[in-house]
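Participant: Here it is, the structure in full.
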Amino acid sequence: MIEADEHPVQGDEAAVADLQERAHILDTPALTAHALSLGIRPPDDGPGWLIVREYADDGADRGLFWVGPDDQ
């Protein structure tokens, strides 16, 4: 299981709300590309960052998080 606790997706409130909605219909690469098109950037400029939905152990939705190549 990917642990993405360190990097929640942050940005313009409307853009993040749009991502939350699209996360149900887009796959990970498409969601990440859409976030970038909205101006939402990963925690650093390194390659390989993706946006994933994180769930708690009890199944509760924790939201969208960035995971980098070291987290996968």
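Residue numbering restarts at 1 in every chain; chains get A, B, ... in the order shown in the structure tokens, and ligands count up from 1 in that same order.
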Please provide the set of residues having any atom within 7 Å of stretch 35-46 of chain A, restricted to only C-alpha atoms, with same-chain residues fewer than 5 positions apart removed, written as a count of residues only.

Facilitator: 5

Participant: Please list as a PyMOL selection string every residue within 9 Å of A:Thr28, counting only C-alpha atoms and excluding residues in the same chain fewer than 2 positions away.

Facilitator: chain A and resi 23+26+30-33+50-53

Participant: If you run DSSP over the backbone, which residues in chain A end up strand (DSSP E)? Put them as a list in words.

Facilitator: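 So, restricting chain A to strand (DSSP E), we get Leu50, Ile51, Val52, Arg53, Glu54, Tyr55, Asp61, Arg62, Gly63, Leu64, Phe65, Trp66 and Val67 of chain A.
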
Participant: Let's have the selection written as a short mmCIF file (atom, residue, chain, number, x, y, z; two decimals), in the first residue's frame, with C-alpha atoms.

Facilitator:
```cif
data_model
loop_
_atom_site.label_atom_id
_atom_site.label_comp_id
_atom_site.auth_asym_id
_atom_site.auth_seq_id
_atom_site.Cartn_x
_atom_site.Cartn_y
_atom_site.Cartn_z
CA LEU A 50 1.42 11.31 -9.30
CA ILE A 51 -1.84 12.15 -7.54
CA VAL A 52 -3.64 9.31 -5.77
CA ARG A 53 -6.67 9.08 -3.50
CA GLU A 54 -5.65 7.93 -0.03
CA TYR A 55 -7.88 5.83 2.22
CA ASP A 61 -11.53 8.72 2.22
CA ARG A 62 -8.57 10.87 3.29
CA GLY A 63 -8.43 12.91 0.07
CA LEU A 64 -5.92 13.42 -2.71
CA PHE A 65 -2.18 13.19 -2.12
CA TRP A 66 0.98 13.46 -4.19
CA VAL A 67 3.21 10.39 -4.29
#
```

Participant: I need the residues in chain A that are helix (DSSP H, G or I) according to DSSP; give them as a PyMOL selection string.

Facilitator: chain A and resi 13-22+28-37

Participant: Using only C-alpha atoms, pick whichever of A:Val9, A:Val16, A:Gly68, A:Trp49 has the shortest atom-to-atom distance to A:Pro29.

Facilitator: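 Of the candidates, the smallest distance to A:Pro29 is held by A:Trp49.
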
Participant: Using Å and a single decimal, report how far atom CA of A:Asp18 sits from atom CA of A:His34.

Facilitator: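 Distance between the two atoms: 9.5 Å.
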
Participant: I'd like the interatomic distance between atom CA of A:Asp12 and atom CA of A:Asp70, to a tenth of an Å.

Facilitator: 26.4 Å
